[in-house]
Amino acid sequence: MNMIKNKASEREEIEALLPWHAAGTLSRRDAQKVEQALARDAELSTQYETVRQDLVETIGLNESLGAPSARAMQKLMADIEADASTARRVKTSFNLGEWLSDKLSSFSPRTLAWSATAAALAIVLQAGLLAGMFVNEKQGGSLFDTASVSKSEPAMVGTYALISFAPQASAADITRLMQTYNMKIVEGPSGEMFTVKLALTGMPKEDLARLIKQLQDEKTVRFVGQKSAE
Amino acid sequence: MQTTTDEALIGRIAGGDKLAMQVLFARHHVRVYRFVLRLVGEPSRAEDLISEVFLDVWRQADRFEARSQVSTWLLAIARYKALSALRKRPDEELDDETAQAIEDPGDDPEVAMQKKDTSVVLRQALTKLSAEHREIIDLVYYHEKSVEEVSKIVGVPENTVKTRMFYARKRLGDLLKAAGVERGWP
C-alpha cells in the first residue's frame, strides 16, 4: 500500500517538473529522473509533448510583443541625472580618514578598544594608497577616476575584485579579512565599493570563482564580485 | 573577448558608473519590458515602468547581495512595480485592457477554431489565463527561471511554484478543450 502511495507521489513530482525539464532549467540529477520516467511512461510522454507545445507558443507570444522605444532609455538616463543619489555618488571622493572616522563613531565602547588597531590600519592603508598614487602618476595614469570603463586606464596586471563591507564590520574585522585572504585595497571607495587585489597574476577561473564564493560567505563582506579585465 | 558579468556591472553601478547602467539596460530591458507588458497590458505604461525598474537598480545596486542572478532580481523588482501599478486601476478595467492589448484582433476564438490551428488557439489561450498563471508560465518558459528563482521572484515557497505551474497548465488545457482542441492531456 505504502509502495503504491510512494510511486504515485513520485509520479506527481515528476509531472510537476516537466515544464522545467522542457525549459532546460533542472539540475542534472532531476533531469535524469525525468528522462527515465519519460522512457517508461507513455502517458507522461504525451503530457510532456503538451508542455513542449506550450513552451514554444509562450516564447512565440512573448517575442511578438516587440520592444520598448528609445524613450525608455532616455527617460531612465534623465531620471538618473535628476536623482539625489547620483549627485551624492558624484560628490563622493576618496577620503579614507572620513570613512574610518564614520566607522569609529558608530563603534560601541568595547569596540573602541580596537581604535589603536584602526589608526594603525589607516596609516598603513594611506601609505599604501599614497605609494600607489605615486606609482600611477609615474606611469602617467590615475586609478582614482571612477570604477567605470576608462580608456586612459592602464591595463591592470593581476586578479582584482570589487568589494563592499558589511555596515557592522569593524576596522579590525576588515584588517583580519585582508590578512586572511592576503588582499590589498588598490582603489576606492567608489560609492561603497573598493577594488582589491587578490593575486599578483591572473587566477584560473575555477579558483577565482571558489575564492569569490568563500569571500561572499564572510560576515564582514556585503558584496564581492570579480572585477573584469579592462 | 571577455564579457563583463551582470554582477560586475552591478558593482560598477554601485560606484556611480552610468555607462555600466546603460550596458545592463541594453542587456535586459527587452525581456523586462515583455514581462511587465504581459502583466500591465499597456505598452506605454510598461515603458515607464521599466525606466522605474532600472532607476531602482541604480539606487539599490550597493544592496544587491549576489545570492540570485541579476536577471532574477530585475524581474522581482519589475513584478513589484507592475503589481503596484495595477493596484491603482479598477479590476474590471484591468482584465479587459490586458486581454485587448495582447490579443490579435484578427483572430477571435471562432476564426481560430475554424482554422483548427492549435498554435493560434494556444496563443489565445495563453492571453486568457489569470495574471497569476500567465506570470508563472512566462517565467518558466520564456524567462527560463528555475523553481528556486521563480520562488524568489514571486515570493512563494518552491512547492507552491510547482503546484501553481501545474494548475496553470491544466487551465491552459481546459481553455484549449473549450476551443475544440484535444491534446490528450489533461
# chains A, B, ... in the order shown; residues from 1 in each chain; ligands from 1
$ interface_residues --of "chain B" --to "chain A" --cutoff "8 Å" --atoms "only C-alpha atoms" --output "ChimeraX atom specification"
/B:2,4-5,7-8,11-12,14-20,22,25,29-30,33-34,43,47-48,50-52,54-55,58-59,62-66,102,119,122-123,126,137-138,140-142,144-147,162-163,165-166,169,183-186
$ residues_around --residues "Met178 (chain A)" --least-positions-apart "2" --cutoff "12 Å" --atoms "only C-alpha atoms" --output "VMD selection string"
chain A and resid 121 125 163 165 171 to 176 180 to 186 196 to 198 215 218 220 to 221
$ write_last_selection --atoms "C-alpha atoms" --output "CSV table (one decimal), in the first residue's frame"
chain,number,residue,atom,x,y,z
A,121,LEU,CA,45.3,50.4,9.7
A,125,LEU,CA,46.3,52.0,4.0
A,163,ILE,CA,34.1,44.5,-2.6
A,165,PHE,CA,31.9,45.7,3.6
A,171,ALA,CA,38.2,48.1,11.2
A,172,ALA,CA,39.6,45.0,13.0
A,173,ASP,CA,37.3,42.7,11.0
A,174,ILE,CA,38.4,44.3,7.8
A,175,THR,CA,42.0,44.0,8.7
A,176,ARG,CA,41.6,40.4,9.6
A,180,THR,CA,43.4,36.0,5.8
A,181,TYR,CA,43.0,36.4,2.1
A,182,ASN,CA,46.2,38.2,1.5
A,183,MET,CA,44.3,41.0,-0.3
A,184,LYS,CA,45.2,44.7,-0.8
A,185,ILE,CA,42.9,47.6,-1.3
A,186,VAL,CA,44.0,49.3,-4.5
A,196,VAL,CA,41.0,44.8,-4.0
A,197,LYS,CA,43.9,42.9,-5.5
A,198,LEU,CA,43.5,39.2,-4.9
A,215,LEU,CA,34.5,35.8,0.4
A,218,GLU,CA,32.3,36.1,5.1
A,220,THR,CA,32.4,41.1,7.0
A,221,VAL,CA,31.6,41.2,3.3
$ select_by_dssp --residues "chain B" --states "helix (DSSP H, G or I)" --output "PyMOL selection string"
chain B and resi 6-14+18-40+43-63+70-87+91-102+109-115+118-128+131-142+147-154+158-178
